[in-house]
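Student: After the structure tokens below, expect a handful of questions from me.
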Amino acid sequence: MSKNILITGGAGFIGSNLSLKFIELGHNVTVLDNLSPQVHGRESSNSALFKSIEGKVRFIKGCVTSKCDWESALIGVDTVIHLAAETGTGQSMYQIQRYSNVNIGGTSILLDLLSNGDFQVEKLVIASSRSIYGEGKYHCKEHGIVYPLSRVFADLDNGTFDVKCPLCNSQVVDLPTDELSAIQPESHYAITKHTQEQMVMLIGKSLGISSVSLRFQNVYGPGQSLSNPYTGILSIFSTIIRNGNNINVFEDGEESRDFVYISDVVDSIILASLKNDASNQIFNVGSGVKTSVIEVANMLVKAYNSASTVNITGEYRIGDIRHNYADLDKIKNTLGFKPKVDFNQGITEFVRWVKSQDIAEDKSCDSLLEMKERGLMK
């Protein structure tokens, strides 16, 4: 049976891919999106992401901070997939009100309407984030499983970047982070995502709406914005390389992330939306594999056959974590989700797509200068 699905942020990177997949599966899709210039560029209505869904969905240009836009979008909808959000760890640390208004405020309006309005929503999926875990799960020889707090600035200033046991200050080994791990946000963005998740899971349950939270790791792939200097390390590095500039890598380059390909993320959302077993559950979504930032930079330089150099700066950003990668046991066992695209294959497809695009302006230096001026980068 076909569903009537609302995707907020449905013209964005994840949202547009998801919209097209749901249409392919025979479902009806409504998209609520403000076509943010930070994602879609100055001529946002002409962006490739928007053009890919134009005429195929019921499109509402609007914002999740508008009650009227929500009311229009929710008409006749039985499934809501709430992707729309302000993203970017660094930017969130000084655009506090903006991130709170959109991520928390927008979700509040949705839940208020579902609580007090005459809508027929049966399923609600929220895009959460691995950032809510902070450093995530580690193992200490002395104390076993531990969840380290923020790294100490004095250590970072001295070039000591590795995480230490919060109990004995000794070296620890990173482990895949599961859904029962401690929640320790290191940025305002992470706080807003955790708040969104809590609101949706609590209010959804009270209303009898089947609710699911997906904690995404670092999503990448064709279609990712190449002009946004605040989020998406592969796209940021790619734009730097294609402009003939050198890549500056923070810390010692050994910090790592879990990169998950866009098609795998789309698959996870579809499973969460359509499977009853997902109801009222929280799931990690990632590849389950960690890759260091220096490895990513070197792979991209090689893939573009570039003369750009990769420089280790020793600098660090306040709010960054050292390592975090997903334990996928729960989503595999409950929903049958298994990532299909490994990083080597994914980066090949991503680079192939990037080469077909116009070279975007490299704004990375401006964004870093902004952070330095605000004392958020050392």
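Letters for chains follow the order of the structure tokens (A, B, ...), residue numbers begin at 1 for each chain, and ligand numbers begin at 1 in the order shown.
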For the contact check between region 22-96 of chain A and region 358-377 of chain A, emit one row per residue of region 22-96 of chain A within 8 Å, containing the shortest atom pair and the distance in Å rounded to one decimal, counting only C-alpha atoms, chain then rising number order, as a Markdown table.

Tutor:
| residue | atom | partner | partner_atom | distance |
| --- | --- | --- | --- | --- |
| A:Gly90 | CA | A:Met371 | CA | 7.4 |
| A:Met93 | CA | A:Leu376 | CA | 7.9 |
| A:Tyr94 | CA | A:Arg374 | CA | 7.9 |

Student: Taking only C-alpha atoms into account, produce a table as CSV in which each residue of region 255-283 of chain A with an atom at most 12 Å from an atom of region 2-9 of chain A appears once, together with its shortest atom pair and the distance in Å to one decimal, ordered by chain and rising number.

Tutor:
residue,atom,partner,partner_atom,distance
A:Ile269,CA,A:Ile7,CA,11.0
A:Ile270,CA,A:Ile5,CA,11.0
A:Ser273,CA,A:Ile5,CA,9.4
A:Leu274,CA,A:Lys3,CA,9.0

Student: Restricting it to all heavy atoms, dump the selection as an mmCIF file, in the first residue's frame.

Tutor:
data_model
loop_
_atom_site.group_PDB
_atom_site.id
_atom_site.type_symbol
_atom_site.label_atom_id
_atom_site.label_comp_id
_atom_site.auth_asym_id
_atom_site.auth_seq_id
_atom_site.Cartn_x
_atom_site.Cartn_y
_atom_site.Cartn_z
ATOM 1 N N ILE A 269 16.630 4.733 6.102
ATOM 2 C CA ILE A 269 15.429 5.536 6.369
ATOM 3 C C ILE A 269 14.183 4.816 5.857
ATOM 4 O O ILE A 269 13.131 4.829 6.511
ATOM 5 C CB ILE A 269 15.551 6.930 5.723
ATOM 6 C CG1 ILE A 269 16.759 7.687 6.287
ATOM 7 C CG2 ILE A 269 14.272 7.737 5.976
ATOM 8 C CD1 ILE A 269 17.065 8.994 5.578
ATOM 9 N N ILE A 270 14.291 4.182 4.714
ATOM 10 C CA ILE A 270 13.157 3.447 4.166
ATOM 11 C C ILE A 270 12.776 2.282 5.078
ATOM 12 O O ILE A 270 11.593 2.053 5.369
ATOM 13 C CB ILE A 270 13.472 2.960 2.739
ATOM 14 C CG1 ILE A 270 13.516 4.162 1.794
ATOM 15 C CG2 ILE A 270 12.449 1.937 2.266
ATOM 16 C CD1 ILE A 270 14.000 3.860 0.413
ATOM 17 N N SER A 273 11.055 3.645 8.058
ATOM 18 C CA SER A 273 9.743 4.204 7.744
ATOM 19 C C SER A 273 8.690 3.137 7.502
ATOM 20 O O SER A 273 7.519 3.320 7.847
ATOM 21 C CB SER A 273 9.841 5.095 6.495
ATOM 22 O OG SER A 273 10.788 6.108 6.664
ATOM 23 N N LEU A 274 9.080 2.025 6.920
ATOM 24 C CA LEU A 274 8.114 1.033 6.463
ATOM 25 C C LEU A 274 8.018 -0.217 7.331
ATOM 26 O O LEU A 274 7.024 -0.931 7.272
ATOM 27 C CB LEU A 274 8.441 0.623 5.018
ATOM 28 C CG LEU A 274 8.463 1.761 3.981
ATOM 29 C CD1 LEU A 274 8.775 1.214 2.599
ATOM 30 C CD2 LEU A 274 7.143 2.528 3.969
#

Student: Which residues come within 12 Å of Asp112 (chain A), counting only C-alpha atoms, excluding same-chain residues fewer than 6 positions away, as a compact mmCIF listing (two decimals) with N, CA and C atoms, in the first residue's frame?

Tutor:
# COMPACT_ATOMS: atom_id res chain seq x y z
N LYS A 67 4.57 27.84 11.45
CA LYS A 67 3.42 26.98 11.75
C LYS A 67 2.55 26.80 10.51
N TRP A 70 4.04 24.25 8.14
CA TRP A 70 3.82 22.90 8.67
C TRP A 70 2.38 22.45 8.42
N GLU A 71 1.42 23.34 8.68
CA GLU A 71 0.01 22.98 8.51
C GLU A 71 -0.30 22.60 7.07
N GLY A 105 13.10 24.48 17.82
CA GLY A 105 11.84 25.20 17.63
C GLY A 105 10.98 24.60 16.54
N GLY A 106 11.61 24.26 15.42
CA GLY A 106 10.86 23.66 14.31
C GLY A 106 10.22 22.35 14.69
N ASP A 118 -5.78 18.25 13.78
CA ASP A 118 -6.51 17.09 13.24
C ASP A 118 -5.72 16.51 12.07
N PHE A 119 -4.61 15.84 12.40
CA PHE A 119 -3.76 15.24 11.38
C PHE A 119 -3.72 13.73 11.60
N MET A 199 12.47 14.78 22.17
CA MET A 199 11.12 15.31 21.98
C MET A 199 10.28 14.37 21.13
N VAL A 200 10.84 13.94 20.01
CA VAL A 200 10.10 13.08 19.09
C VAL A 200 9.75 11.74 19.74
N ILE A 203 7.07 12.53 22.82
CA ILE A 203 5.74 12.99 22.41
C ILE A 203 5.11 12.01 21.44
N GLY A 204 5.93 11.44 20.55
CA GLY A 204 5.40 10.44 19.62
C GLY A 204 4.76 9.28 20.37
N LEU A 207 1.43 10.16 21.93
CA LEU A 207 0.35 10.33 20.97
C LEU A 207 0.00 9.03 20.25

Student: Find the residues around region 72-83 of chain A up to 10 Å (only C-alpha atoms counted), leave out those fewer than 3 positions away in its own chain, and share them as a ChimeraX atom specification.

Tutor: /A:3-10,12,14-15,18,28-33,58-62,64,67-69,86,103,106-107,110,113-114,118-128,196,200,209-213,269-270,272-274

Student: Would you mind telling me which residue in A:Val310, A:Ala84, A:Ile318, A:Ala278 lies nearest to Ser187 (chain A) when using only C-alpha atoms?

Tutor: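 Nearest candidate to Ser187 (chain A) out of A:Val310, A:Ala84, A:Ile318, A:Ala278: A:Ile318.
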
Student: Kindly indicate which residue among A:Lys51, A:Lys355, A:Lys56, A:His323 lies nearest to Val173 (chain A), using only C-alpha atoms for the distances.

Tutor: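 Of the candidates, the smallest distance to Val173 (chain A) is held by A:His323.
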
Student: Looking at A:Gly253, A:Gly336, A:Gly288, A:Gly221, which one is nearest to Leu271 (chain A), with distances taken over only C-alpha atoms?

Tutor: A:Gly336

Student: Could you jot down the CA of Phe153 (chain A) to CA of Cys168 (chain A) separation for me, Å, one decimal place?

Tutor: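 Interatomic distance here is 17.7 Å.
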
Student: Excluding Ile53 (chain A) and any residue of its chain fewer than 3 positions from it, enumerate the residues within 8 Å of it, using only C-alpha atoms, and give them as a list in words.

Tutor: Ala11, Ser16, Ser19, Leu20, Leu49, Phe50, Lys56 and Val57 of chain A

Student: I need the residues of region 223-310 of chain A that end up classed as strand (DSSP E) by DSSP on the backbone, written out as a ChimeraX atom specification.

Tutor: /A:247-249,256-257,259-261,281-285,291-292,310

Student: Selection from above, N, CA, C and O atoms, as a PDB file, in the first residue's frame, can you write it?

Tutor:
ATOM      1  N   ILE A 247      45.598  21.228   1.456  1.00  0.00           N
ATOM      2  CA  ILE A 247      44.694  20.838   2.534  1.00  0.00           C
ATOM      3  C   ILE A 247      45.403  20.949   3.874  1.00  0.00           C
ATOM      4  O   ILE A 247      46.504  20.397   4.049  1.00  0.00           O
ATOM      5  N   ASN A 248      44.782  21.654   4.803  1.00  0.00           N
ATOM      6  CA  ASN A 248      45.293  21.728   6.167  1.00  0.00           C
ATOM      7  C   ASN A 248      44.452  20.827   7.055  1.00  0.00           C
ATOM      8  O   ASN A 248      43.236  21.011   7.169  1.00  0.00           O
ATOM      9  N   VAL A 249      45.103  19.844   7.642  1.00  0.00           N
ATOM     10  CA  VAL A 249      44.409  18.859   8.481  1.00  0.00           C
ATOM     11  C   VAL A 249      44.650  19.191   9.946  1.00  0.00           C
ATOM     12  O   VAL A 249      45.790  19.432  10.360  1.00  0.00           O
ATOM     13  N   SER A 256      39.511  10.194  13.551  1.00  0.00           N
ATOM     14  CA  SER A 256      38.807   9.355  12.578  1.00  0.00           C
ATOM     15  C   SER A 256      37.299   9.550  12.645  1.00  0.00           C
ATOM     16  O   SER A 256      36.757  10.016  13.641  1.00  0.00           O
ATOM     17  N   ARG A 257      36.643   9.163  11.542  1.00  0.00           N
ATOM     18  CA  ARG A 257      35.189   9.245  11.442  1.00  0.00           C
ATOM     19  C   ARG A 257      34.663   7.999  10.730  1.00  0.00           C
ATOM     20  O   ARG A 257      35.395   7.282  10.054  1.00  0.00           O
ATOM     21  N   PHE A 259      32.323   7.004   7.796  1.00  0.00           N
ATOM     22  CA  PHE A 259      31.716   7.579   6.597  1.00  0.00           C
ATOM     23  C   PHE A 259      30.732   6.578   5.999  1.00  0.00           C
ATOM     24  O   PHE A 259      31.102   5.454   5.671  1.00  0.00           O
ATOM     25  N   VAL A 260      29.476   7.022   5.835  1.00  0.00           N
ATOM     26  CA  VAL A 260      28.429   6.142   5.321  1.00  0.00           C
ATOM     27  C   VAL A 260      27.870   6.743   4.038  1.00  0.00           C
ATOM     28  O   VAL A 260      27.550   7.928   3.970  1.00  0.00           O
ATOM     29  N   TYR A 261      27.750   5.906   3.015  1.00  0.00           N
ATOM     30  CA  TYR A 261      27.376   6.354   1.678  1.00  0.00           C
ATOM     31  C   TYR A 261      25.882   6.676   1.599  1.00  0.00           C
ATOM     32  O   TYR A 261      25.058   6.057   2.275  1.00  0.00           O
ATOM     33  N   GLN A 281      11.943   2.894  18.335  1.00  0.00           N
ATOM     34  CA  GLN A 281      13.319   2.431  18.510  1.00  0.00           C
ATOM     35  C   GLN A 281      14.310   3.516  18.054  1.00  0.00           C
ATOM     36  O   GLN A 281      13.976   4.387  17.250  1.00  0.00           O
ATOM     37  N   ILE A 282      15.520   3.421  18.561  1.00  0.00           N
ATOM     38  CA  ILE A 282      16.628   4.298  18.183  1.00  0.00           C
ATOM     39  C   ILE A 282      17.719   3.441  17.564  1.00  0.00           C
ATOM     40  O   ILE A 282      18.074   2.390  18.114  1.00  0.00           O
ATOM     41  N   PHE A 283      18.235   3.877  16.406  1.00  0.00           N
ATOM     42  CA  PHE A 283      19.237   3.086  15.697  1.00  0.00           C
ATOM     43  C   PHE A 283      20.424   3.938  15.248  1.00  0.00           C
ATOM     44  O   PHE A 283      20.245   5.073  14.797  1.00  0.00           O
ATOM     45  N   ASN A 284      21.609   3.360  15.366  1.00  0.00           N
ATOM     46  CA  ASN A 284      22.783   3.933  14.712  1.00  0.00           C
ATOM     47  C   ASN A 284      22.726   3.629  13.220  1.00  0.00           C
ATOM     48  O   ASN A 284      22.293   2.547  12.811  1.00  0.00           O
ATOM     49  N   VAL A 285      23.208   4.581  12.402  1.00  0.00           N
ATOM     50  CA  VAL A 285      23.341   4.358  10.964  1.00  0.00           C
ATOM     51  C   VAL A 285      24.740   4.803  10.546  1.00  0.00           C
ATOM     52  O   VAL A 285      25.095   5.980  10.671  1.00  0.00           O
ATOM     53  N   THR A 291      37.728   5.688   9.570  1.00  0.00           N
ATOM     54  CA  THR A 291      38.760   6.106   8.616  1.00  0.00           C
ATOM     55  C   THR A 291      39.356   7.408   9.108  1.00  0.00           C
ATOM     56  O   THR A 291      38.626   8.338   9.468  1.00  0.00           O
ATOM     57  N   SER A 292      40.679   7.502   9.146  1.00  0.00           N
ATOM     58  CA  SER A 292      41.331   8.712   9.652  1.00  0.00           C
ATOM     59  C   SER A 292      41.211   9.849   8.646  1.00  0.00           C
ATOM     60  O   SER A 292      41.110   9.631   7.433  1.00  0.00           O
ATOM     61  N   VAL A 310      49.168  17.861   1.599  1.00  0.00           N
ATOM     62  CA  VAL A 310      48.377  17.695   2.818  1.00  0.00           C
ATOM     63  C   VAL A 310      49.257  18.086   3.997  1.00  0.00           C
ATOM     64  O   VAL A 310      50.283  17.450   4.258  1.00  0.00           O
TER      65      VAL A 310
END

Student: I need the residues in region 98-300 of chain A that are alpha helix (DSSP H) according to DSSP; give them as a PyMOL selection string.

Tutor: chain A and resi 98-99+106-116+153-157+188-207+233-242+262-274+293-300

Student: Residues of region 127-193 of chain A that have any atom at most 9 Å from an atom of region 313-316 of chain A: could you tabulate them with the shortest-distance atom pair and the distance in Å to one decimal, using only C-alpha atoms, ordered by chain and increasing number, as a tab-separated table?

Tutor:
residue	atom	partner	partner_atom	distance
A:Leu156	CA	A:Tyr316	CA	7.4
A:Asp157	CA	A:Glu315	CA	8.2
A:Gly159	CA	A:Gly314	CA	6.6

Student: Just want the 9 Å neighbourhood of Ala307 (chain A), counted on only C-alpha atoms, with same-chain residues fewer than 5 positions away dropped. Output as a PDB file with N, CA and C atoms, in the first residue's frame.

Tutor:
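The result, stored in out33.pdb:
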ATOM      1  N   ILE A 241      40.961  20.990  -3.197  1.00  0.00           N
ATOM      2  CA  ILE A 241      41.851  20.363  -4.175  1.00  0.00           C
ATOM      3  C   ILE A 241      41.581  20.887  -5.571  1.00  0.00           C
ATOM      4  N   GLY A 244      43.092  23.994  -6.559  1.00  0.00           N
ATOM      5  CA  GLY A 244      44.554  24.010  -6.578  1.00  0.00           C
ATOM      6  C   GLY A 244      45.182  24.431  -5.273  1.00  0.00           C
ATOM      7  N   ASN A 245      44.420  24.367  -4.195  1.00  0.00           N
ATOM      8  CA  ASN A 245      44.928  24.767  -2.887  1.00  0.00           C
ATOM      9  C   ASN A 245      45.365  23.545  -2.087  1.00  0.00           C
ATOM     10  N   ASN A 246      46.104  23.798  -1.016  1.00  0.00           N
ATOM     11  CA  ASN A 246      46.595  22.722  -0.155  1.00  0.00           C
ATOM     12  C   ASN A 246      45.606  22.466   0.983  1.00  0.00           C
ATOM     13  N   VAL A 301      43.466  13.398  -2.752  1.00  0.00           N
ATOM     14  CA  VAL A 301      44.543  13.974  -3.569  1.00  0.00           C
ATOM     15  C   VAL A 301      44.940  13.014  -4.681  1.00  0.00           C
ATOM     16  N   LYS A 302      45.062  11.746  -4.325  1.00  0.00           N
ATOM     17  CA  LYS A 302      45.413  10.722  -5.314  1.00  0.00           C
ATOM     18  C   LYS A 302      44.304  10.543  -6.350  1.00  0.00           C
TER      19      LYS A 302
END
